[in-house]
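Q: For reference, the file coords-v4.cif (mmCIF, C-alpha atoms) is included below:
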```
data_coords
#
loop_
_atom_site.label_atom_id
_atom_site.label_comp_id
_atom_site.auth_asym_id
_atom_site.auth_seq_id
_atom_site.Cartn_x
_atom_site.Cartn_y
_atom_site.Cartn_z
CA MET A 1 0.00 0.00 0.00
CA ASN A 2 1.18 3.54 -0.75
CA ILE A 3 -0.10 7.05 -0.01
CA ASN A 4 -1.94 7.35 -3.32
CA GLU A 5 -3.80 4.10 -2.67
CA VAL A 6 -4.67 5.25 0.85
CA ARG A 7 -6.12 8.51 -0.48
CA LYS A 8 -8.12 6.74 -3.20
CA ILE A 9 -9.77 4.39 -0.69
CA ALA A 10 -10.41 7.22 1.78
CA LYS A 11 -12.10 9.31 -0.91
CA GLU A 12 -14.60 6.53 -1.56
CA LYS A 13 -15.24 5.79 2.11
CA MET A 14 -15.67 9.45 3.08
CA LYS A 15 -17.90 10.44 0.17
CA GLY A 16 -20.31 13.15 1.24
CA TYR A 17 -18.15 14.15 4.22
CA CYS A 18 -14.68 14.75 2.79
CA ARG A 19 -13.66 15.06 -0.85
CA VAL A 20 -10.01 14.16 -0.13
CA CYS A 21 -9.02 17.07 -2.35
CA PRO A 22 -5.62 17.11 -4.08
CA VAL A 23 -4.87 20.12 -1.87
CA CYS A 24 -6.61 20.06 1.52
CA ASN A 25 -7.17 23.80 1.83
CA GLY A 26 -10.72 24.23 3.13
CA VAL A 27 -12.12 25.73 -0.07
CA ALA A 28 -14.46 22.95 -1.25
CA CYS A 29 -15.71 22.12 2.26
CA ALA A 30 -16.17 25.67 3.59
CA GLY A 31 -19.00 25.79 6.12
CA GLU A 32 -19.43 22.01 6.31
CA VAL A 33 -19.60 21.59 10.08
CA PRO A 34 -20.62 18.89 10.98
CA GLY A 35 -18.30 17.47 8.37
CA MET A 36 -14.62 18.15 7.77
CA GLY A 37 -14.83 21.81 6.76
CA GLY A 38 -14.23 25.12 8.45
CA SER A 39 -16.79 27.22 10.28
CA LEU A 40 -19.17 29.42 8.23
CA THR A 41 -17.12 30.91 5.35
CA GLY A 42 -14.22 28.58 6.15
CA SER A 43 -11.90 31.59 6.43
CA ALA A 44 -9.94 30.32 9.45
CA PHE A 45 -9.32 26.92 7.86
CA LYS A 46 -8.25 28.55 4.58
CA SER A 47 -6.01 31.08 6.37
CA ASN A 48 -4.13 28.26 8.09
CA ILE A 49 -3.09 27.00 4.66
CA GLU A 50 -2.62 30.37 2.97
CA ASP A 51 -0.39 31.87 5.66
CA LEU A 52 1.75 28.76 5.99
CA ASN A 53 2.25 28.88 2.21
CA LYS A 54 3.63 32.41 2.63
CA VAL A 55 6.52 31.00 4.64
CA LYS A 56 9.34 30.07 2.28
CA VAL A 57 12.32 27.82 2.99
CA ARG A 58 15.88 28.93 2.27
CA LEU A 59 17.82 26.27 0.36
CA LYS A 60 21.38 25.63 1.63
CA THR A 61 23.64 22.72 0.70
CA ILE A 62 27.15 23.71 1.83
CA HIS A 63 27.15 22.39 5.38
CA GLU A 64 27.78 19.32 7.56
CA ALA A 65 24.15 18.30 8.26
CA LYS A 66 24.38 15.07 6.26
CA GLU A 67 22.37 12.89 8.65
CA PRO A 68 19.93 15.06 10.64
CA ASN A 69 18.60 13.82 13.96
CA LEU A 70 14.78 14.05 14.14
CA ASP A 71 14.38 12.71 17.70
CA PHE A 72 11.83 14.63 19.76
CA ASN A 73 11.68 14.53 23.57
CA PHE A 74 8.04 14.53 24.65
CA PHE A 75 7.86 14.50 28.46
CA ASP A 76 10.88 12.16 28.62
CA ILE A 77 9.50 9.88 25.90
CA LYS A 78 11.67 9.76 22.76
CA LEU A 79 9.68 10.08 19.56
CA ASP A 80 11.20 9.47 16.11
CA ALA A 81 9.87 12.80 14.84
CA PRO A 82 8.17 15.92 16.25
CA ILE A 83 4.87 14.79 14.71
CA ILE A 84 1.91 13.71 16.89
CA SER A 85 -1.56 12.61 15.79
CA ALA A 86 -4.16 15.15 16.90
CA PRO A 87 -7.16 14.27 19.11
CA ILE A 88 -10.20 13.67 16.88
CA THR A 89 -13.50 11.95 17.62
CA GLY A 90 -16.86 11.69 15.88
CA THR A 91 -16.28 9.35 12.94
CA GLU A 92 -20.03 8.92 12.41
CA PHE A 93 -21.01 12.53 13.02
CA ASN A 94 -18.26 14.23 11.00
CA MET A 95 -16.83 11.56 8.71
CA GLY A 96 -19.73 9.38 7.56
CA GLY A 97 -19.22 6.33 9.74
CA ALA A 98 -17.37 4.04 7.29
CA LEU A 99 -15.07 3.42 10.25
CA SER A 100 -16.50 2.88 13.70
CA GLU A 101 -15.11 4.99 16.52
CA ASP A 102 -13.24 1.97 17.88
CA GLU A 103 -11.74 1.19 14.47
CA TYR A 104 -10.65 4.80 14.02
CA ILE A 105 -9.06 5.13 17.44
CA ASP A 106 -7.32 1.76 17.11
CA SER A 107 -5.93 2.81 13.72
CA VAL A 108 -4.61 6.14 14.97
CA VAL A 109 -3.15 4.95 18.28
CA ASN A 110 -1.40 1.91 16.83
CA GLY A 111 -0.50 3.42 13.47
CA SER A 112 1.20 6.30 15.27
CA LEU A 113 3.19 3.93 17.46
CA THR A 114 4.29 1.93 14.41
CA ALA A 115 5.59 5.18 12.89
CA GLY A 116 7.61 5.91 16.03
CA THR A 117 5.36 8.52 17.58
CA ILE A 118 2.13 8.75 19.59
CA ALA A 119 -1.47 9.85 19.28
CA MET A 120 -3.72 12.05 21.33
CA ILE A 121 -7.21 10.69 21.95
CA GLY A 122 -10.15 13.08 22.04
CA ASP A 123 -13.40 13.72 23.83
CA SER A 124 -16.92 14.50 22.68
CA ALA A 125 -20.46 15.02 23.86
CA VAL A 126 -20.79 11.24 24.08
CA PRO A 127 -18.81 9.99 27.13
CA GLU A 128 -18.39 6.53 25.61
CA LEU A 129 -16.15 7.94 22.88
CA TYR A 130 -13.61 9.26 25.40
CA ASP A 131 -13.78 5.90 27.15
CA SER A 132 -13.02 4.16 23.84
CA GLY A 133 -9.92 6.30 23.50
CA ILE A 134 -8.85 5.56 27.06
CA ASP A 135 -9.32 1.83 26.40
CA ALA A 136 -7.19 2.07 23.25
CA LEU A 137 -4.41 3.74 25.24
CA ARG A 138 -4.73 1.16 28.00
CA LYS A 139 -4.00 -1.59 25.48
CA VAL A 140 -0.72 0.13 24.55
CA HIS A 141 0.29 0.74 28.18
CA GLY A 142 -0.73 4.39 28.21
CA LYS A 143 1.50 5.46 25.32
CA GLY A 144 -0.51 8.48 24.29
CA VAL A 145 -2.27 11.60 25.52
CA ALA A 146 -5.88 12.12 26.62
CA ILE A 147 -7.44 15.46 25.63
CA ILE A 148 -10.73 16.51 27.27
CA LYS A 149 -13.31 19.07 26.17
CA PRO A 150 -13.85 22.17 28.39
CA LYS A 151 -16.80 20.69 30.27
CA LYS A 152 -17.66 21.39 33.89
CA ASN A 153 -14.64 21.06 36.18
CA GLU A 154 -15.93 18.00 37.99
CA VAL A 155 -16.43 16.22 34.67
CA VAL A 156 -12.93 17.16 33.49
CA ILE A 157 -11.34 15.98 36.73
CA GLU A 158 -13.18 12.66 36.52
CA ALA A 159 -11.86 12.23 32.98
CA LEU A 160 -8.33 13.04 34.18
CA ARG A 161 -8.58 10.21 36.72
CA LYS A 162 -9.21 7.79 33.87
CA ALA A 163 -6.08 9.00 32.10
CA GLU A 164 -4.07 8.66 35.30
CA ASN A 165 -5.33 5.11 35.84
CA ILE A 166 -3.87 3.94 32.53
CA ASN A 167 -0.57 5.83 33.06
CA ALA A 168 -1.05 8.10 30.06
CA ILE A 169 2.00 10.16 29.11
CA ALA A 170 0.05 13.37 29.58
CA ALA A 171 -3.45 14.81 29.53
CA GLY A 172 -5.02 18.10 28.66
CA MET A 173 -7.91 20.15 27.39
CA ASP A 174 -8.80 21.53 23.97
CA ILE A 175 -10.08 24.74 25.47
CA ASP A 176 -10.78 26.07 21.96
CA GLY A 177 -13.69 23.63 21.89
CA ALA A 178 -15.61 26.05 24.11
CA GLY A 179 -18.00 26.97 21.30
CA LEU A 180 -18.13 23.78 19.25
CA VAL A 181 -21.35 23.46 17.26
CA THR A 182 -21.20 19.68 17.42
CA MET A 183 -21.10 19.74 21.24
CA ALA A 184 -24.03 22.14 21.41
CA LEU A 185 -26.09 19.97 19.08
CA LYS A 186 -25.54 17.02 21.41
CA GLY A 187 -26.60 19.00 24.48
CA THR A 188 -23.26 18.91 26.30
CA PRO A 189 -22.31 22.16 28.06
CA VAL A 190 -18.82 23.43 27.26
CA GLY A 191 -17.37 26.88 27.68
CA PRO A 192 -14.39 29.09 28.50
CA LYS A 193 -12.42 28.60 31.70
CA THR A 194 -11.24 31.15 34.22
CA VAL A 195 -7.69 31.16 35.56
CA GLU A 196 -8.95 29.79 38.87
CA GLU A 197 -10.90 27.00 37.18
CA LEU A 198 -7.80 25.98 35.23
CA LYS A 199 -5.67 26.03 38.37
CA GLU A 200 -8.18 23.73 40.07
CA ILE A 201 -8.07 21.28 37.16
CA ILE A 202 -4.29 21.28 36.73
CA SER A 203 -3.57 20.98 40.46
CA SER A 204 -5.86 17.94 40.59
CA THR A 205 -3.62 15.72 38.44
CA ASN A 206 -0.08 14.39 38.52
CA LEU A 207 0.06 14.17 34.72
CA PRO A 208 1.70 16.89 32.60
CA PHE A 209 -1.17 19.10 31.46
CA ILE A 210 -1.55 20.46 27.93
CA LEU A 211 -3.72 23.45 26.99
CA LYS A 212 -4.78 23.15 23.36
CA GLY A 213 -6.29 26.17 21.63
CA ILE A 214 -3.92 28.99 22.60
CA MET A 215 -3.89 31.76 19.98
CA THR A 216 -2.47 34.84 21.75
CA LYS A 217 0.70 35.60 23.68
CA GLU A 218 -1.47 36.77 26.61
CA GLU A 219 -3.12 33.37 26.93
CA ALA A 220 0.20 31.60 26.40
CA LEU A 221 1.52 33.49 29.42
CA LEU A 222 -1.61 32.54 31.37
CA ALA A 223 -0.98 28.88 30.46
CA VAL A 224 2.43 29.19 32.09
CA GLU A 225 0.86 30.90 35.11
CA VAL A 226 -1.75 28.19 35.72
CA GLY A 227 0.87 25.43 35.59
CA ALA A 228 0.35 23.86 32.16
CA LYS A 229 3.41 22.03 30.84
CA ALA A 230 2.60 22.46 27.15
CA ILE A 231 0.34 24.46 24.87
CA VAL A 232 -1.00 23.74 21.41
CA VAL A 233 -1.28 26.82 19.24
CA SER A 234 -4.55 25.93 17.52
CA ASN A 235 -7.76 27.42 16.14
CA HIS A 236 -9.36 23.96 16.15
CA GLY A 237 -8.66 23.49 12.46
CA GLY A 238 -10.74 26.58 11.67
CA ARG A 239 -13.85 24.79 12.92
CA VAL A 240 -14.92 27.04 15.81
CA LEU A 241 -14.47 30.72 14.90
CA ASP A 242 -14.79 32.14 11.40
CA HIS A 243 -12.11 34.68 10.46
CA ALA A 244 -9.84 33.63 13.34
CA GLN A 245 -6.15 34.27 12.74
CA SER A 246 -4.03 31.45 11.37
CA THR A 247 -1.77 29.44 13.65
CA ALA A 248 1.30 30.24 11.52
CA LYS A 249 0.62 33.96 11.88
CA VAL A 250 0.34 33.99 15.68
CA LEU A 251 3.01 31.41 16.45
CA PRO A 252 6.11 33.67 16.33
CA GLU A 253 4.69 36.14 18.85
CA ILE A 254 3.66 33.33 21.18
CA ALA A 255 7.07 31.69 20.89
CA GLU A 256 8.77 34.98 21.68
CA ALA A 257 6.70 35.24 24.88
CA VAL A 258 6.97 31.69 26.27
CA LYS A 259 9.68 29.71 24.41
CA GLY A 260 11.67 27.76 26.99
CA LYS A 261 9.04 28.25 29.69
CA ILE A 262 6.58 25.70 28.28
CA MET A 263 6.50 23.19 25.42
CA ILE A 264 4.99 24.73 22.29
CA LEU A 265 3.04 22.50 19.92
CA VAL A 266 1.04 23.73 16.93
CA ASP A 267 -1.51 22.45 14.44
CA GLY A 268 -3.49 23.90 11.55
CA GLY A 269 -2.84 23.45 7.84
CA ILE A 270 0.20 21.19 8.22
CA ARG A 271 0.18 18.84 5.23
CA THR A 272 3.83 17.97 4.54
CA GLY A 273 7.17 17.59 6.24
CA VAL A 274 8.12 20.96 4.76
CA ASP A 275 5.19 22.44 6.68
CA VAL A 276 6.49 20.77 9.85
CA PHE A 277 9.86 22.42 9.26
CA LYS A 278 8.23 25.82 8.74
CA MET A 279 6.28 25.60 11.99
CA ILE A 280 9.39 24.67 13.97
CA ALA A 281 11.26 27.56 12.34
CA LEU A 282 8.39 29.86 13.40
CA GLY A 283 8.86 28.77 17.02
CA ALA A 284 7.15 25.44 17.66
CA ASP A 285 8.81 22.52 19.42
CA GLY A 286 6.53 19.96 17.76
CA ILE A 287 3.36 19.70 15.71
CA LEU A 288 0.02 17.91 15.60
CA ILE A 289 -1.64 16.66 12.42
CA GLY A 290 -5.37 16.09 12.10
CA ARG A 291 -7.07 15.82 8.72
CA PRO A 292 -4.19 13.90 7.04
CA ILE A 293 -4.42 11.32 9.85
CA VAL A 294 -8.17 10.98 9.31
CA ILE A 295 -7.57 10.29 5.62
CA GLY A 296 -4.84 7.80 6.50
CA ALA A 297 -7.11 5.91 8.90
CA PHE A 298 -10.04 5.76 6.49
CA GLY A 299 -7.81 4.79 3.61
CA GLY A 300 -5.65 2.18 5.28
CA TYR A 301 -6.43 1.73 8.97
CA ARG A 302 -3.23 1.35 11.04
CA GLU A 303 -1.05 1.08 7.94
CA GLY A 304 -2.57 4.19 6.40
CA VAL A 305 -1.86 6.24 9.53
CA SER A 306 1.69 4.92 9.77
CA LEU A 307 2.35 5.65 6.08
CA THR A 308 1.03 9.19 6.46
CA ILE A 309 3.35 9.95 9.37
CA GLN A 310 6.37 8.20 7.84
CA ASP A 311 5.89 10.09 4.58
CA MET A 312 5.79 13.38 6.47
CA ARG A 313 8.86 12.41 8.49
CA ASN A 314 10.82 11.60 5.34
CA GLN A 315 9.88 14.98 3.86
CA LEU A 316 11.04 16.70 7.05
CA LEU A 317 14.35 14.81 6.90
CA GLN A 318 14.92 15.90 3.31
CA THR A 319 14.07 19.51 4.17
CA MET A 320 16.58 19.49 7.03
CA ILE A 321 19.29 18.14 4.72
CA LEU A 322 18.54 20.87 2.19
CA THR A 323 18.61 23.68 4.76
CA GLY A 324 21.54 22.61 6.94
CA ALA A 325 19.57 21.67 10.07
CA LYS A 326 21.45 18.94 11.94
CA ASP A 327 18.69 18.46 14.53
CA LEU A 328 15.35 19.97 15.56
CA THR A 329 16.91 22.61 17.79
CA SER A 330 18.97 23.83 14.83
CA ILE A 331 15.84 24.83 12.89
CA ASN A 332 15.33 28.58 13.25
CA LYS A 333 13.99 31.73 11.58
CA SER A 334 17.19 32.23 9.59
CA MET A 335 16.18 29.20 7.49
CA ILE A 336 12.90 30.72 6.29
CA SER A 337 11.58 33.94 4.83
CA ILE A 338 8.09 35.23 5.59
CA GLU A 339 6.03 36.93 2.87
CA TRP A 340 3.30 38.60 4.91
#
```
Could you quickly redo this structure as structure tokens?
A:
Amino acid sequence: MNINEVRKIAKEKMKGYCRVCPVCNGVACAGEVPGMGGSLTGSAFKSNIEDLNKVKVRLKTIHEAKEPNLDFNFFDIKLDAPIISAPITGTEFNMGGALSEDEYIDSVVNGSLTAGTIAMIGDSAVPELYDSGIDALRKVHGKGVAIIKPKKNEVVIEALRKAENINAIAAGMDIDGAGLVTMALKGTPVGPKTVEELKEIISSTNLPFILKGIMTKEEALLAVEVGAKAIVVSNHGGRVLDHAQSTAKVLPEIAEAVKGKIMILVDGGIRTGVDVFKMIALGADGILIGRPIVIGAFGGYREGVSLTIQDMRNQLLQTMILTGAKDLTSINKSMISIEW
């Protein structure tokens, strides 16, 4: 099986929910939420792609970086690349149901491990879906991350206990899910969190806590203040707020404010290993990928996910060779130019 075969199968299985476009840029699926598109006009989804495309890579080939090291330290776990599968649930609601939730989660968790990295499991309005993710992580001895929606504090803390019980690597909250249409349709209350509410949640667990959905330097600094160990710069794939800024655009300012104080992850519009390189050069430590992983799972189950990640890793390796980056910490702003 190869990537082209994976995409062909996924396109058939996801018909009516995702077109598996040659370029996944949010244009054809604008406003398709539920579905795989961006909110309303799809502007935020499209901006993620457009702004990342405005970052150009500077080609250099007179150097000693012949065999770059892609190892990524994630809370003392060595990953083979700085690429992590993003937390996604709702295969029936958003993706057509050709894969069951259990099949999807199994594919992502195990496919990621085969590729030398890990997956984050997600949460939804249906508690059983989070439990399915927890069960999938249990079967691999906790090698993954549990991400919880911004529900009431007591519900979040109960979900954290489940992650602790399976010895998950870390846990966290996609706080940008505060206004998710899909959650509202299912009758599950979610919403913003105060500093005090976050402190209560984070102090309740012994797991490293990740705040996903940080889009300003002010909130990045608050994440440090409340005791989070990592943030994900994310606009939820453009699915929650139309005309939100792109992740590539806000990342440099956030990195300038908190780099070295907290781990910085980012998602949004990352489609290739070159995109991974760009995001690290803009200030990220590592990245999450979402829609490409969905396509990989639907097109080839575990193998499709693994192929997707391995393909991206190989592209990142080649980019590092052609820019003179000997390891991830060597990637910096001098290796890119920004056209915005």
Q: Might you spell out which residues the PyMOL selection byres ((chain A and resi 281) around 8) would select in the displayed file, as an mmCIF file with C-alpha atoms, in the coordinates of the input?
A:
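Written output follows (expr_3.cif):
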```cif
data_model
loop_
_atom_site.group_PDB
_atom_site.id
_atom_site.type_symbol
_atom_site.label_atom_id
_atom_site.label_comp_id
_atom_site.auth_asym_id
_atom_site.auth_seq_id
_atom_site.Cartn_x
_atom_site.Cartn_y
_atom_site.Cartn_z
ATOM 1 C CA PHE A 277 9.860 22.420 9.260
ATOM 2 C CA LYS A 278 8.230 25.820 8.740
ATOM 3 C CA MET A 279 6.280 25.600 11.990
ATOM 4 C CA ILE A 280 9.390 24.670 13.970
ATOM 5 C CA LEU A 282 8.390 29.860 13.400
ATOM 6 C CA GLY A 283 8.860 28.770 17.020
ATOM 7 C CA ALA A 284 7.150 25.440 17.660
ATOM 8 C CA ILE A 331 15.840 24.830 12.890
ATOM 9 C CA ASN A 332 15.330 28.580 13.250
ATOM 10 C CA LYS A 333 13.990 31.730 11.580
ATOM 11 C CA MET A 335 16.180 29.200 7.490
ATOM 12 C CA ILE A 336 12.900 30.720 6.290
#
```
Q: Care to translate the PyMOL selection byres ((chain A and resi 26) around 9) into actual residues of this file, as a ChimeraX atom specification?
A: /A:23-25,27-31,36-38,42-47,49,238
Q: Evaluate the PyMOL selection byres ((chain A and resi 258) around 8) against this structure - the residues, as a ChimeraX atom specification, please.
A: /A:217,220-221,224,254-257,259-262
Q: Show which residues sit within 8 Å of Gly300 of chain A, as a PyMOL selection string. Count all atoms listed in the file, and ignore same-chain residues fewer than 5 positions away.
A: chain A and resi 6+9-10+305
Q: Which residue gives the smallest distance to Phe298 of chain A among A:Thr216, A:Thr188, A:Ser337, A:Ser100, with all atoms listed in the file counted?
A: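 Closest residue, counting all atoms listed in the file: A:Ser100.
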Q: Just to confirm, what's the straight-line distance from atom CA of Thr117 of chain A to atom CA of Gly144 of chain A in Å (one decimal)?
A: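 Answer for the atom CA of Thr117 of chain A to atom CA of Gly144 of chain A separation: 8.9 Å.
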Q: Please indicate the distance in Å from atom CA of Val145 of chain A to atom CA of Gly172 of chain A, rounded to one decimal place.
A: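 For atom CA of Val145 of chain A relative to atom CA of Gly172 of chain A, the distance reads 7.7 Å.
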Q: Which residues, written as a PyMOL selection string, have at least one atom at most 10 Å from Ser124 of chain A, with all atoms listed in the file counted and residues fewer than 2 positions away on the same chain left out?
A: chain A and resi 88-90+122+126-130+147-149+151+177+180+182-183+186+188
Q: Could you tell me how far atom CA of Gly179 of chain A sits from atom CA of Lys15 of chain A, in Å to one decimal place?
A: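 These two atoms are separated by 26.8 Å.
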Q: List as an NGL selection string the protein and nucleic acid residues near segment 131-138 of chain A, meaning an atom at most 7 Å away when all atoms listed in the file are counted, but skip any in the same chain fewer than 4 places from it.
A: :A and (102 or 105-106 or 121-122 or 127 or 142-144 or 163 or 166)
Q: Taking (16.1, 25.9, -1.0) in the file's coordinates as the center, which residues reach within 12 Å of it, counting all atoms listed in the file, put as a PyMOL selection string?
A: chain A and resi 56-62+274+318-324+335-337
Q: Using the selection just defined, write its residues with C-alpha atoms as a compact mmCIF listing (two decimals), in the coordinates of the input.
A:
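Below is the file that was written, out_31.txt:
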```
# COMPACT_ATOMS: atom_id res chain seq x y z
CA LYS A 56 9.34 30.07 2.28
CA VAL A 57 12.32 27.82 2.99
CA ARG A 58 15.88 28.93 2.27
CA LEU A 59 17.82 26.27 0.36
CA LYS A 60 21.38 25.63 1.63
CA THR A 61 23.64 22.72 0.70
CA ILE A 62 27.15 23.71 1.83
CA VAL A 274 8.12 20.96 4.76
CA GLN A 318 14.92 15.90 3.31
CA THR A 319 14.07 19.51 4.17
CA MET A 320 16.58 19.49 7.03
CA ILE A 321 19.29 18.14 4.72
CA LEU A 322 18.54 20.87 2.19
CA THR A 323 18.61 23.68 4.76
CA GLY A 324 21.54 22.61 6.94
CA MET A 335 16.18 29.20 7.49
CA ILE A 336 12.90 30.72 6.29
CA SER A 337 11.58 33.94 4.83
```
Q: Counting all atoms listed in the file, which residues of segment 64-162 of chain A sit at most 12 Å from some atom of segment 190-204 of chain A, and what is each one's closest atom pair with its distance in Å to one decimal, listed by chain and rising residue number, as a tab-separated table?
A:
```
residue	atom	partner	partner_atom	distance
A:Asp123	CA	A:Val190	CA	11.6
A:Ser124	CA	A:Val190	CA	10.2
A:Ala125	CA	A:Val190	CA	9.2
A:Ile148	CA	A:Val190	CA	10.6
A:Lys149	CA	A:Val190	CA	7.1
A:Pro150	CA	A:Val190	CA	5.3
A:Lys151	CA	A:Val190	CA	4.5
A:Lys152	CA	A:Val190	CA	7.0
A:Asn153	CA	A:Ile201	CA	6.6
A:Glu154	CA	A:Ile201	CA	8.6
A:Val155	CA	A:Ile201	CA	10.1
A:Val156	CA	A:Ile201	CA	7.4
A:Ile157	CA	A:Ile201	CA	6.2
A:Glu158	CA	A:Ser204	CA	9.9
A:Ala159	CA	A:Ile201	CA	10.7
A:Leu160	CA	A:Ser204	CA	8.4
A:Arg161	CA	A:Ser204	CA	9.1
```
Q: Find the residues around Thr114 of chain A up to 12 Å (only C-alpha atoms counted), leave out those fewer than 5 positions away in its own chain, and share them as an MDAnalysis selection string.
A: chainID A and resid 79:80 106:109 119 140 143 302:310
Q: For segment 306-323 of chain A, I'd like the enclosing box, axis-aligned and padded by 4 Å on every side, reported as JSON with centre and edge lengths in Å to one decimal.
A:
```
{"center_x": 10.2, "center_y": 14.3, "center_z": 6.0, "size_x": 26.3, "size_y": 26.8, "size_z": 15.6}
```
